[in-house]
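Notes for the one structure printed next.
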Amino acid sequence: MTDPRNTAGFETRAVHAGQAFDPATGAVIPPVHFSTTYAQDGIGGLRGGYEYGRSGNPTRTALETQLAALEGGAHALSFASGLAAEDALLRAALGPGDEVLLGSDVYGGTYRLIARVLGAWGVGVRVVDMSDLGAVRAALEERAARILWVETPSNPLLRITDIARLSELGHDAGALVVVDNTFASPALQQPLALGADVVVHSTTKYLGGHSDVVGGALVLNDEELFAQAKFLQFAVGAVSGPLDAWLTTRGIKTLALRMRRHSENAHAIAEFLSGHEAVERVYYPGLPSHPGHDIAARQMSGFGGIVSVGLADAASARRLAESTRLFQLAESLGGVESLMNYPDEMTHASVRGTELAVPPEVVRLSVGIESIDDLIADLDQALDRL
């Protein structure tokens, strides 16, 4: 019989999937299992399949069950970071001579991993604007790609890719379609249901949601690819620890509520910034003027908590980034607190001078769940200093 905790509404799954009460004590919150090793009932007689902490941990299993349920996937794997999750997937799916067709506006660490780490082992990378399906089609016709890798909304310019149509293009060309769903989270977007093959997350961001735990995840349906990625999770060992897994699980339980507030606040800030004379451009898919607005409205249930802003020049962008009080100048995103980031020298410094370089006049806001009036007042005073 199917467990209703894994098939109910999203909010119910977020709270209950993988979270059955402890049968020994009745504790509603499952305990955190810190043990690194597990007693066996005779040689090879494993209880629940557990033998050693790298190969499996009940707290990590609970998180993986929760992640799969949220994304509507058959399998999930939890890792020590988002890049560790990406590395396992890429090594599971690629061999020397294979190529990744990468979105032109993605997290700089993803490009660095493929180009500078896996590139030394014979993996190639090409860059294309994934929101331009004609350009993707032309790139695939020019040369085959093993993986199409897309972020939507993208980081940090919030380009929107039509996941369903891109998946059709990729599959027709024999490519694996991977969607980094970190910015939207499964609360707002379900890439597997739209045709993608694999979902990648930095669970550090909205899933954890409180800027207190680093992690990553893969969610997928393909049995063979899952087995290969799971083997690498075990063999390489970049697994999430039990406390990290538990903190992520705890964060996920309020994900739907938080994403609604993030989206509401971000939308209000995008509208405020759009009317400010010091702002040249606002990147936010919730604005009707955004090039991907219609697609985002169709494939997302909300527009997310990230707003990027283009100022007159790099000096103005730097001044704004260093002048806010509630928006803290820091890398990362997706926590309950609002953060300000200058991508050119912070999160995307590794892609300066490449096709993925972020314009130096752009700042990225991770809009938190604080009072919207306070956040707008903070931005207003900072903009007045420009």
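Going through the structure tokens in order, the chains are called A, B, and so on, while each chain numbers its residues from 1 and the ligands are numbered from 1 in the order shown.
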Using DSSP on the backbone coordinates, identify the residues of segment 24-76 of chain A assigned to helix (DSSP H, G or I); present them as JSON, numbers by chain. {"A": [58, 59, 60, 61, 62, 63, 64, 65, 66, 67, 68, 69, 70, 71]}
Would you export the selected residues with N, CA and C atoms as a compact mmCIF listing (two decimals), in the first residue's frame, please?
# COMPACT_ATOMS: atom_id res chain seq x y z
N PRO A 58 20.06 6.36 8.96
CA PRO A 58 18.60 6.51 8.97
C PRO A 58 18.12 7.95 8.86
N THR A 59 18.87 8.90 9.42
CA THR A 59 18.47 10.30 9.32
C THR A 59 18.63 10.79 7.89
N ARG A 60 19.68 10.36 7.22
CA ARG A 60 19.86 10.72 5.82
C ARG A 60 18.80 10.05 4.95
N THR A 61 18.48 8.80 5.24
CA THR A 61 17.43 8.11 4.50
C THR A 61 16.11 8.86 4.61
N ALA A 62 15.80 9.33 5.82
CA ALA A 62 14.55 10.08 6.02
C ALA A 62 14.52 11.33 5.16
N LEU A 63 15.65 12.05 5.10
CA LEU A 63 15.72 13.24 4.26
C LEU A 63 15.56 12.88 2.79
N GLU A 64 16.21 11.83 2.35
CA GLU A 64 16.11 11.43 0.94
C GLU A 64 14.68 11.04 0.58
N THR A 65 13.98 10.39 1.49
CA THR A 65 12.56 10.08 1.27
C THR A 65 11.75 11.36 1.13
N GLN A 66 12.02 12.31 1.99
CA GLN A 66 11.33 13.60 1.96
C GLN A 66 11.60 14.34 0.65
N LEU A 67 12.86 14.37 0.22
CA LEU A 67 13.22 15.07 -1.01
C LEU A 67 12.54 14.46 -2.23
N ALA A 68 12.56 13.13 -2.31
CA ALA A 68 11.91 12.46 -3.44
C ALA A 68 10.43 12.77 -3.47
N ALA A 69 9.78 12.77 -2.31
CA ALA A 69 8.35 13.04 -2.25
C ALA A 69 8.04 14.47 -2.70
N LEU A 70 8.88 15.43 -2.32
CA LEU A 70 8.64 16.82 -2.68
C LEU A 70 8.76 17.06 -4.18
N GLU A 71 9.73 16.41 -4.82
CA GLU A 71 9.96 16.62 -6.25
C GLU A 71 9.19 15.63 -7.12
Need the shell around Pro153 of chain A: protein/DNA/RNA residues with any atom at most 7 Å away, counting only C-alpha atoms. Skip same-chain ones fewer than 4 positions apart. Format as a count of residues only? 5
Could you work out how far atom CA of Pro242 of chain A lies from atom CA of Ser35 of chain A, giving the answer in Å with one decimal?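 Computed distance, atom CA of Ser35 of chain A to atom CA of Pro242 of chain A, equals 8.9 Å.
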Go through segment 233-289 of chain A and flag each residue having an atom no more than 12 Å from segment 38-55 of chain A; for those, report the closest pair of atoms plus their distance in Å to one decimal, using only C-alpha atoms, ordered by chain and rising number, as JSON lines.
{"residue": "A:Gln233", "atom": "CA", "partner": "A:Ser55", "partner_atom": "CA", "distance": 7.9}
{"residue": "A:Phe234", "atom": "CA", "partner": "A:Ser55", "partner_atom": "CA", "distance": 5.2}
{"residue": "A:Ala235", "atom": "CA", "partner": "A:Ser55", "partner_atom": "CA", "distance": 8.4}
{"residue": "A:Val236", "atom": "CA", "partner": "A:Arg54", "partner_atom": "CA", "distance": 9.3}
{"residue": "A:Gly237", "atom": "CA", "partner": "A:Arg54", "partner_atom": "CA", "distance": 6.1}
{"residue": "A:Ala238", "atom": "CA", "partner": "A:Arg54", "partner_atom": "CA", "distance": 8.4}
{"residue": "A:Val239", "atom": "CA", "partner": "A:Arg54", "partner_atom": "CA", "distance": 6.7}
{"residue": "A:Ser240", "atom": "CA", "partner": "A:Arg54", "partner_atom": "CA", "distance": 8.9}
{"residue": "A:Gly241", "atom": "CA", "partner": "A:Gly53", "partner_atom": "CA", "distance": 8.5}
{"residue": "A:Pro242", "atom": "CA", "partner": "A:Gly53", "partner_atom": "CA", "distance": 9.0}
Rank A:Asp105, A:Asp197, A:Asp380, A:Glu86 by their smallest atom-to-atom distance to Val358 of chain A, using only C-alpha atoms, and report the top residue only. A:Asp105
For Val123 of chain A: contacts at 10 Å, only C-alpha atoms, fewer than 4 positions along chain excluded, given as a list of chain:residue names: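 My reading of the contact set: A:Leu90, A:Arg91, A:Leu94, A:Gly95, A:Pro96, A:Gly97, A:Asp98, A:Glu99, A:Val100, A:Ile114, A:Ala115, A:Arg116, A:Val117, A:Leu118, A:Gly119.
When the distance limit is 10 Å and only C-alpha atoms are what count, the residues near Ala330 of chain A, minus those fewer than 5 positions from it on the same chain, are Ala321, Ser338, Leu339, Met340, Asn341, Tyr342, Met346, Thr347 and Ser366 of chain A.
Across the structure, atom CA of Leu148 of chain A and atom CA of Val177 of chain A are spaced 4.9 Å apart.
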When you look at segment 205-212 of chain A with a cut-off of 7 Å (counting only C-alpha atoms), what residues show up, excluding the ones that are within fewer than 6 positions of it in the same chain? I need them as a ChimeraX atom specification. /A:182,185,247-248,251-252,255,333-336
Excluding Asn155 of chain A and residues on its chain fewer than 3 positions from it, collect all residues at most 12 Å away from it, counting only C-alpha atoms, and give them as JSON, numbers by chain. {"A": [103, 104, 105, 106, 107, 108, 109, 110, 111, 150, 151, 152, 158, 159, 160, 180, 181, 182, 183, 184, 283, 284, 306, 307, 308, 332, 333, 341, 343, 344, 347, 348, 356, 357, 358, 362, 363, 364, 365, 366]}
Using only C-alpha atoms, which of A:Thr324, A:Thr37, A:Gln299, A:Thr12 sits nearest Gly56 of chain A? A:Thr37
